[in-house]
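> coords-v7.cif is reproduced in full below (mmCIF, C-alpha atoms and all ligand atoms).
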```cif
data_work
#
loop_
_atom_site.label_atom_id
_atom_site.label_comp_id
_atom_site.auth_asym_id
_atom_site.auth_seq_id
_atom_site.Cartn_x
_atom_site.Cartn_y
_atom_site.Cartn_z
CA MET A 18 -9.67 -18.45 35.09
CA ILE A 19 -8.13 -21.81 34.23
CA VAL A 20 -4.50 -22.48 35.18
CA THR A 21 -3.00 -25.55 33.52
CA ILE A 22 0.06 -27.32 34.90
CA ASP A 23 1.63 -29.96 32.69
CA GLY A 24 4.94 -31.77 32.94
CA PRO A 25 6.68 -35.11 33.26
CA ALA A 26 6.25 -37.66 36.04
CA GLY A 27 8.18 -36.81 39.17
CA ALA A 28 8.48 -33.06 38.57
CA GLY A 29 6.47 -32.50 41.76
CA LYS A 30 3.40 -31.22 39.90
CA SER A 31 0.64 -32.82 41.96
CA SER A 32 1.64 -31.57 45.33
CA VAL A 33 2.50 -28.05 44.22
CA ALA A 34 -0.54 -27.73 41.93
CA ARG A 35 -2.83 -28.63 44.82
CA LYS A 36 -1.10 -26.10 47.07
CA LEU A 37 -1.35 -23.46 44.35
CA ALA A 38 -5.10 -24.04 44.05
CA ASP A 39 -5.48 -23.73 47.84
CA ALA A 40 -3.42 -20.55 47.95
CA LEU A 41 -5.49 -18.96 45.19
CA GLY A 42 -8.88 -20.20 46.45
CA TYR A 43 -9.26 -22.11 43.17
CA GLU A 44 -10.61 -25.60 42.59
CA PHE A 45 -8.20 -28.39 41.68
CA LEU A 46 -8.37 -31.23 39.17
CA ASP A 47 -5.85 -34.10 39.17
CA THR A 48 -6.35 -35.54 35.67
CA GLY A 49 -3.81 -38.34 36.21
CA ALA A 50 -6.17 -39.66 38.91
CA MET A 51 -8.91 -39.92 36.26
CA TYR A 52 -6.79 -42.22 34.05
CA ARG A 53 -5.81 -44.15 37.15
CA CYS A 54 -9.50 -44.65 38.06
CA VAL A 55 -10.35 -45.97 34.59
CA THR A 56 -7.43 -48.41 34.84
CA LEU A 57 -8.58 -49.65 38.23
CA ALA A 58 -12.21 -49.92 37.07
CA CYS A 59 -11.09 -52.11 34.13
CA MET A 60 -9.08 -54.33 36.45
CA ASN A 61 -12.01 -54.63 38.86
CA GLN A 62 -14.29 -55.63 35.99
CA SER A 63 -11.68 -58.00 34.47
CA VAL A 64 -11.64 -55.98 31.26
CA SER A 65 -8.47 -56.57 29.28
CA LEU A 66 -6.63 -53.25 28.88
CA SER A 67 -5.81 -54.14 25.30
CA ASP A 68 -9.52 -54.38 24.44
CA THR A 69 -9.80 -50.73 23.39
CA GLU A 70 -13.57 -50.74 22.89
CA ARG A 71 -14.44 -52.30 26.22
CA VAL A 72 -11.95 -50.03 28.01
CA ALA A 73 -13.59 -47.02 26.34
CA ALA A 74 -17.01 -48.27 27.44
CA VAL A 75 -15.73 -48.50 31.03
CA ALA A 76 -14.42 -44.92 30.78
CA ARG A 77 -17.80 -43.68 29.54
CA ASN A 78 -19.71 -45.36 32.34
CA VAL A 79 -17.64 -44.86 35.48
CA SER A 80 -18.37 -42.20 38.03
CA ILE A 81 -15.24 -40.39 39.23
CA GLN A 82 -15.65 -37.94 42.07
CA PHE A 83 -13.19 -35.80 44.00
CA PHE A 84 -14.07 -34.80 47.50
CA ASN A 85 -11.69 -32.97 49.78
CA GLY A 86 -8.61 -34.84 48.48
CA ILE A 87 -10.45 -38.17 48.37
CA VAL A 88 -11.08 -39.95 45.07
CA LEU A 89 -14.28 -41.95 44.71
CA LEU A 90 -14.71 -44.47 41.91
CA ASP A 91 -18.34 -45.47 41.56
CA GLY A 92 -18.81 -44.27 45.12
CA VAL A 93 -15.89 -46.25 46.59
CA ASP A 94 -12.82 -44.55 48.12
CA VAL A 95 -9.88 -45.47 45.85
CA THR A 96 -7.51 -42.67 46.88
CA ASP A 97 -4.73 -45.10 47.84
CA ALA A 98 -5.61 -47.97 45.49
CA ILE A 99 -5.06 -45.85 42.35
CA ARG A 100 -1.49 -45.03 43.48
CA GLU A 101 -0.43 -48.67 43.76
CA PRO A 102 2.47 -49.69 41.48
CA ASN A 103 0.27 -52.16 39.56
CA ILE A 104 -1.83 -49.21 38.33
CA SER A 105 1.22 -47.13 37.36
CA GLN A 106 2.60 -50.10 35.44
CA ALA A 107 -0.63 -50.88 33.59
CA ILE A 108 -1.92 -47.36 32.88
CA LYS A 109 -0.07 -46.90 29.57
CA GLU A 110 -2.66 -48.74 27.50
CA VAL A 111 -5.52 -46.77 29.05
CA ALA A 112 -3.79 -43.40 28.55
CA ASP A 113 -3.01 -44.35 24.93
CA ASN A 114 -6.65 -45.24 24.18
CA LEU A 115 -8.00 -42.43 21.98
CA ALA A 116 -11.63 -42.95 22.93
CA VAL A 117 -10.72 -42.86 26.63
CA ARG A 118 -8.76 -39.62 26.12
CA GLU A 119 -11.70 -38.06 24.29
CA CYS A 120 -14.04 -39.00 27.10
CA MET A 121 -11.66 -37.72 29.83
CA VAL A 122 -11.00 -34.43 28.02
CA GLU A 123 -14.74 -33.88 27.53
CA ALA A 124 -15.34 -34.46 31.25
CA GLN A 125 -12.44 -32.13 32.15
CA ARG A 126 -13.81 -29.32 29.96
CA LYS A 127 -17.31 -29.77 31.31
CA TRP A 128 -15.98 -29.65 34.86
CA GLY A 129 -13.86 -26.56 34.17
CA GLN A 130 -16.63 -24.49 32.62
CA GLY A 131 -16.90 -21.10 34.30
CA LYS A 132 -14.57 -22.14 37.13
CA ASP A 133 -11.46 -20.67 38.63
CA ALA A 134 -9.39 -23.83 38.64
CA VAL A 135 -5.95 -25.38 38.51
CA THR A 136 -5.83 -28.52 36.36
CA GLU A 137 -2.80 -30.77 36.33
CA GLY A 138 -1.68 -33.45 33.88
CA ARG A 139 0.14 -33.88 30.57
CA ASP A 140 -2.22 -32.38 27.98
CA GLN A 141 -4.10 -29.71 29.88
CA GLY A 142 -2.59 -26.67 28.16
CA THR A 143 -2.40 -28.32 24.73
CA VAL A 144 -5.59 -30.40 24.34
CA ALA A 145 -8.04 -29.95 27.21
CA PHE A 146 -7.80 -26.18 27.73
CA PRO A 147 -5.96 -24.66 24.74
CA ASP A 148 -7.48 -21.25 25.60
CA ALA A 149 -6.45 -21.30 29.27
CA ALA A 150 -5.31 -17.90 30.45
CA CYS A 151 -2.32 -19.27 32.33
CA LYS A 152 -0.31 -22.30 31.23
CA ILE A 153 2.66 -23.67 33.10
CA PHE A 154 5.04 -26.42 32.08
CA LEU A 155 6.72 -27.70 35.21
CA THR A 156 9.80 -29.79 34.70
CA ALA A 157 13.07 -31.00 36.20
CA SER A 158 15.95 -33.03 34.83
CA ALA A 159 15.45 -36.80 34.74
CA GLU A 160 18.31 -37.23 37.23
CA GLU A 161 16.79 -34.79 39.71
CA ARG A 162 13.36 -36.39 39.41
CA ALA A 163 14.88 -39.83 39.99
CA ARG A 164 16.86 -38.50 43.00
CA ARG A 165 13.65 -37.11 44.52
CA ARG A 166 11.83 -40.39 43.96
CA VAL A 167 14.64 -42.38 45.61
CA ALA A 168 14.59 -40.02 48.61
CA GLN A 169 10.80 -40.30 48.84
CA LEU A 170 10.89 -44.12 48.79
CA ARG A 171 13.79 -44.34 51.26
CA SER A 172 11.95 -41.99 53.64
CA LYS A 173 9.22 -44.65 53.68
CA GLN A 174 11.85 -47.36 54.36
CA ILE A 175 11.41 -48.76 50.84
CA ALA A 176 14.64 -49.88 49.15
CA ALA A 177 15.28 -47.90 45.98
CA ASP A 178 17.99 -48.09 43.37
CA PHE A 179 18.81 -44.82 41.58
CA GLU A 180 19.83 -46.40 38.25
CA SER A 181 16.71 -48.54 37.86
CA ILE A 182 14.40 -45.68 38.89
CA LEU A 183 16.13 -43.38 36.41
CA ALA A 184 15.78 -45.98 33.64
CA SER A 185 12.06 -46.54 34.23
CA GLN A 186 11.49 -42.77 34.46
CA LEU A 187 13.21 -42.24 31.10
CA GLU A 188 11.08 -44.99 29.58
CA ARG A 189 7.86 -43.37 30.91
CA ASP A 190 8.98 -39.94 29.68
CA GLU A 191 9.59 -41.30 26.21
CA HIS A 192 6.20 -43.00 26.15
CA ASP A 193 4.39 -39.86 27.39
CA ARG A 194 6.23 -37.68 24.86
CA THR A 195 5.52 -39.88 21.86
CA ARG A 196 1.83 -40.69 22.51
CA PRO A 197 -0.03 -39.84 19.26
CA VAL A 198 -2.74 -37.85 21.06
CA GLY A 199 -2.36 -35.98 24.35
CA ALA A 200 1.41 -36.26 24.26
CA LEU A 201 3.51 -34.57 26.89
CA ILE A 202 4.62 -31.37 25.18
CA ALA A 203 4.82 -27.82 26.40
CA ALA A 204 2.14 -25.60 24.86
CA PRO A 205 3.87 -22.87 22.84
CA ASP A 206 2.27 -20.22 25.06
CA SER A 207 3.18 -21.95 28.33
CA ILE A 208 5.66 -20.67 30.88
CA ARG A 209 8.36 -23.23 31.54
CA LEU A 210 9.55 -23.59 35.11
CA ASP A 211 12.57 -25.78 35.77
CA THR A 212 12.51 -26.93 39.40
CA ASP A 213 15.97 -28.54 39.61
CA GLN A 214 17.42 -25.84 41.84
CA LEU A 215 14.20 -24.88 43.64
CA SER A 216 12.55 -26.04 46.87
CA GLU A 217 8.81 -26.74 46.81
CA GLU A 218 8.21 -23.44 48.66
CA GLN A 219 10.15 -21.57 45.99
CA VAL A 220 8.23 -23.31 43.19
CA LEU A 221 4.92 -22.43 44.84
CA ALA A 222 5.93 -18.80 45.34
CA GLU A 223 6.97 -18.55 41.69
CA LEU A 224 3.70 -20.12 40.50
CA ILE A 225 1.65 -17.70 42.62
CA ARG A 226 3.63 -14.81 41.14
CA ILE A 227 3.02 -16.07 37.57
CA VAL A 228 -0.73 -16.57 38.09
CA GLN A 229 -1.13 -13.19 39.77
CA SER A 230 0.62 -11.41 36.96
CA LYS A 231 -1.57 -13.21 34.35
CA ARG A 232 -4.64 -12.34 36.37
CA GLN A 233 -3.67 -8.68 36.51
CA ASN A 234 -3.10 -8.64 32.75
CA GLN A 235 -6.58 -10.07 32.27
CA GLN A 236 -8.50 -8.05 34.80
CA GLY A 237 -6.47 -4.91 35.35
CA PRO A 238 -4.36 -4.10 38.39
CA HIS A 239 -7.27 -3.68 40.82
CA PHE A 240 -8.63 -7.19 40.43
CA THR A 241 -8.88 -8.68 43.90
CA LYS A 242 -11.38 -11.50 43.48
CA HIS A 243 -11.06 -14.10 46.18
CA ARG A 244 -13.44 -16.82 47.06
CA GLN A 245 -13.69 -19.92 49.17
CA ASN A 246 -12.82 -23.09 47.31
CA GLY A 247 -15.67 -24.98 48.93
CA LYS A 248 -13.28 -27.45 50.52
CA GLY A 249 -15.10 -30.35 52.05
CA SER A 250 -18.49 -29.17 50.90
CA GLU A 251 -18.70 -30.17 47.31
CA VAL A 252 -18.68 -33.40 45.38
CA ARG A 253 -17.85 -33.09 41.71
CA ASP A 254 -19.04 -35.86 39.49
CA LEU A 255 -16.87 -36.21 36.42
CA ALA A 256 -18.99 -38.85 34.78
CA PRO A 257 -20.11 -37.57 31.37
O1 LIG B 301 0.21 -37.79 36.84
P1 LIG B 301 0.06 -39.28 37.08
O2 LIG B 301 1.36 -40.00 37.34
O3 LIG B 301 -0.98 -39.60 38.11
O4 LIG B 301 -0.48 -39.85 35.68
C1 LIG B 301 -0.74 -41.19 35.50
C2 LIG B 301 -0.62 -41.56 34.03
O5 LIG B 301 -1.67 -40.97 33.29
C3 LIG B 301 0.69 -41.16 33.37
O6 LIG B 301 1.28 -42.32 32.85
C4 LIG B 301 0.31 -40.23 32.25
C5 LIG B 301 -1.18 -40.34 32.13
N1 LIG B 301 -1.83 -39.04 32.00
C6 LIG B 301 -2.17 -38.63 30.75
O7 LIG B 301 -1.89 -39.34 29.78
N2 LIG B 301 -2.83 -37.44 30.59
C7 LIG B 301 -3.12 -36.68 31.63
N3 LIG B 301 -3.77 -35.52 31.46
C8 LIG B 301 -2.75 -37.09 32.94
C9 LIG B 301 -2.09 -38.28 33.09
#
```
What is this file in structure tokens?
Ligand code: DC

Amino acid sequence: MIVTIDGPAGAGKSSVARKLADALGYEFLDTGAMYRCVTLACMNQSVSLSDTERVAAVARNVSIQFFNGIVLLDGVDVTDAIREPNISQAIKEVADNLAVRECMVEAQRKWGQGKDAVTEGRDQGTVAFPDAACKIFLTASAEERARRRVAQLRSKQIAADFESILASQLERDEHDRTRPVGALIAAPDSIRLDTDQLSEEQVLAELIRIVQSKRQNQQGPHFTKHRQNGKGSEVRDLAP
């Protein structure tokens, strides 16, 4: 069964989606990391991000692998490098590139075939897996997301200003929402979970409850399938 989790930046999707996959014994796909890898690969190869054709060619040719929480780009560990602010600032043009999106969605579908998996991003329930059995739209108010980001930065001793973080978050939201393809919108058949008033533990508990109830609807009340998620033993190559 495929569980999709979509929502805006800063809603806490990544961390909770990964924990949900672990709790269920499902595999996990961080699709934002895929766009981040393509952005980094272009930068490494000095490909201008505005050159849509060359960027698409990079996307078609890179090897992106996930292994036990580590992200490998053409065999090199880029887990931290893809989270650097320069990637977050530049990624817009790559995520807006239609040919890149097509290539990423194709790789996501291929990867998800026949799997029990949680996939997380912006367009998973709408474009990549429109037939997913369980779709969640995880959100929080812009103010709450900005507050969490400020707290996260300050906990790492990084100075952070609430107003400027809120402003850049609103700008990113608007861009993600108005992208012509793969825009951030809740699938009509998704369950919306607003996390403003919830701790991460509460969000996780609610997600587990939602998935279990979907699973029971699909398989009947005696469905008890459980399997190892192969942690640490499997490398998944997303290259098409
Ligand atoms: O979730 P994230 O912050 O790692 O995502 C990075 C960027 O990639 C973000 O600007 C939106 C984009 N993205 C997308 O367009 N489609 C996805 N499925 C996942 C991420």
> Counting all atoms listed in the file, name the residues that have an atom within 6 Å of an atom of ligand LIG 301 (chain B); the answer should be given as a tab-separated table (two decimals) with C-alpha atoms, keeping the file's coordinate frame.

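Dumped to out.tsv:
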```tsv
chain	number	residue	atom	x	y	z
A	26	ALA	CA	6.25	-37.66	36.04
A	48	THR	CA	-6.35	-35.54	35.67
A	49	GLY	CA	-3.81	-38.34	36.21
A	50	ALA	CA	-6.17	-39.66	38.91
A	52	TYR	CA	-6.79	-42.22	34.05
A	108	ILE	CA	-1.92	-47.36	32.88
A	109	LYS	CA	-0.07	-46.90	29.57
A	112	ALA	CA	-3.79	-43.40	28.55
A	138	GLY	CA	-1.68	-33.45	33.88
A	139	ARG	CA	0.14	-33.88	30.57
A	140	ASP	CA	-2.22	-32.38	27.98
```
> Have a look at A:Ile22, A:Ile227, A:Leu90, A:Leu215 and name the one nearest to A:Ala157; count all atoms listed in the file.
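Between A:Ile22, A:Ile227, A:Leu90, A:Leu215, the residue approaching A:Ala157 most closely is A:Leu215.
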> Residues at most 8 Å from A:Asn114, counting only C-alpha atoms, excluding those fewer than 3 positions away in the same chain, as a ChimeraX atom specification?
/A:69,73,110-111,117-118
> Select, from A:Gln235, A:Met60, A:Gly129, A:Cys54, the residue with the minimum atom-to-atom distance to A:Asp97, counting only C-alpha atoms.
A:Cys54
> Between atom CA of A:Leu46 and atom CA of A:Arg71, measure the distance and give it in Å to one decimal.
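Calculated distance between atom CA of A:Leu46 and atom CA of A:Arg71 is 25.5 Å.
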> Hey, what's within 9 Å of A:Arg35 if we count only C-alpha atoms and toss same-chain stuff fewer than 5 positions away? As a list in words, please?
Lys30, Ala40, Glu44, Phe45, Leu46, Asp47, Val135, Thr136 and Glu137 of chain A
> Could you tell me which of A:Leu115, A:Ala28, A:Val88, A:Met18 comes closest to A:Lys231 if we count only C-alpha atoms?
A:Met18
> The residues within 12 Å of (-16.5, -43.4, 49.9), using all atoms listed in the file and the coordinates of the file, should be reported as a PyMOL selection string; which are they?
chain A and resi 81-96+252
> Using only C-alpha atoms, find the one residue out of A:Val144, A:Ile175, A:Ile153, A:Leu41 that sits nearest to A:Leu210.
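Going through A:Val144, A:Ile175, A:Ile153, A:Leu41 one by one, the smallest distance to A:Leu210 is for A:Ile153.
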> Quick one: residues within 12 Å of A:Gln214, all atoms listed in the file counted, chain neighbours fewer than 3 positions away excluded, as a PyMOL selection string?
chain A and resi 28+156-158+161-162+210-211+217-220
> Grab the atom CA of A:Ala184 to atom CA of A:Gly142 distance for me, in Å with one decimal place.
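Interatomic distance, atom CA of A:Ala184 to atom CA of A:Gly142: 27.2 Å.
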> Please provide the set of residues having any atom within 8 Å of A:Ala203, restricted to all atoms listed in the file, with same-chain residues fewer than 4 positions apart removed, written as a VMD selection string.
chain A and resid 23 to 24 142 to 143 154 207 209
> With all atoms listed in the file as the atoms that count, which of A:Asp206, A:Pro25, A:Leu37, A:Gln229 lies nearest to A:Asp148?
A:Asp206
> Would it be fine to have stretch 104-117 of chain A, with N, CA and C atoms, given as an mmCIF file, in the first residue's frame?

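Here's the written file out-v1.cif:
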```cif
data_model
loop_
_atom_site.group_PDB
_atom_site.id
_atom_site.type_symbol
_atom_site.label_atom_id
_atom_site.label_comp_id
_atom_site.auth_asym_id
_atom_site.auth_seq_id
_atom_site.Cartn_x
_atom_site.Cartn_y
_atom_site.Cartn_z
ATOM 1 N N ILE A 104 21.230 25.342 -1.907
ATOM 2 C CA ILE A 104 20.364 24.420 -2.674
ATOM 3 C C ILE A 104 18.907 24.859 -2.514
ATOM 4 N N SER A 105 18.493 25.133 -1.276
ATOM 5 C CA SER A 105 17.099 25.541 -1.030
ATOM 6 C C SER A 105 16.769 26.807 -1.809
ATOM 7 N N GLN A 106 17.759 27.702 -1.922
ATOM 8 C CA GLN A 106 17.501 28.960 -2.637
ATOM 9 C C GLN A 106 17.417 28.761 -4.147
ATOM 10 N N ALA A 107 18.182 27.797 -4.662
ATOM 11 C CA ALA A 107 18.266 27.647 -6.124
ATOM 12 C C ALA A 107 17.263 26.647 -6.693
ATOM 13 N N ILE A 108 16.652 25.843 -5.850
ATOM 14 C CA ILE A 108 15.899 24.663 -6.303
ATOM 15 C C ILE A 108 14.652 24.988 -7.124
ATOM 16 N N LYS A 109 14.131 26.198 -6.952
ATOM 17 C CA LYS A 109 12.889 26.602 -7.626
ATOM 18 C C LYS A 109 12.881 26.256 -9.118
ATOM 19 N N GLU A 110 13.965 26.661 -9.790
ATOM 20 C CA GLU A 110 14.000 26.480 -11.249
ATOM 21 C C GLU A 110 14.006 25.006 -11.635
ATOM 22 N N VAL A 111 14.634 24.187 -10.786
ATOM 23 C CA VAL A 111 14.678 22.750 -11.076
ATOM 24 C C VAL A 111 13.298 22.129 -10.838
ATOM 25 N N ALA A 112 12.653 22.527 -9.740
ATOM 26 C CA ALA A 112 11.324 21.967 -9.427
ATOM 27 C C ALA A 112 10.252 22.469 -10.399
ATOM 28 N N ASP A 113 10.507 23.595 -11.045
ATOM 29 C CA ASP A 113 9.548 24.128 -12.034
ATOM 30 C C ASP A 113 9.743 23.516 -13.420
ATOM 31 N N ASN A 114 10.855 22.827 -13.621
ATOM 32 C CA ASN A 114 11.199 22.286 -14.944
ATOM 33 C C ASN A 114 10.320 21.056 -15.241
ATOM 34 N N LEU A 115 9.460 21.183 -16.239
ATOM 35 C CA LEU A 115 8.477 20.120 -16.511
ATOM 36 C C LEU A 115 9.119 18.782 -16.847
ATOM 37 N N ALA A 116 10.208 18.834 -17.635
ATOM 38 C CA ALA A 116 10.864 17.583 -18.015
ATOM 39 C C ALA A 116 11.510 16.914 -16.792
ATOM 40 N N VAL A 117 12.029 17.735 -15.885
ATOM 41 C CA VAL A 117 12.602 17.174 -14.651
ATOM 42 C C VAL A 117 11.488 16.513 -13.842
#
```
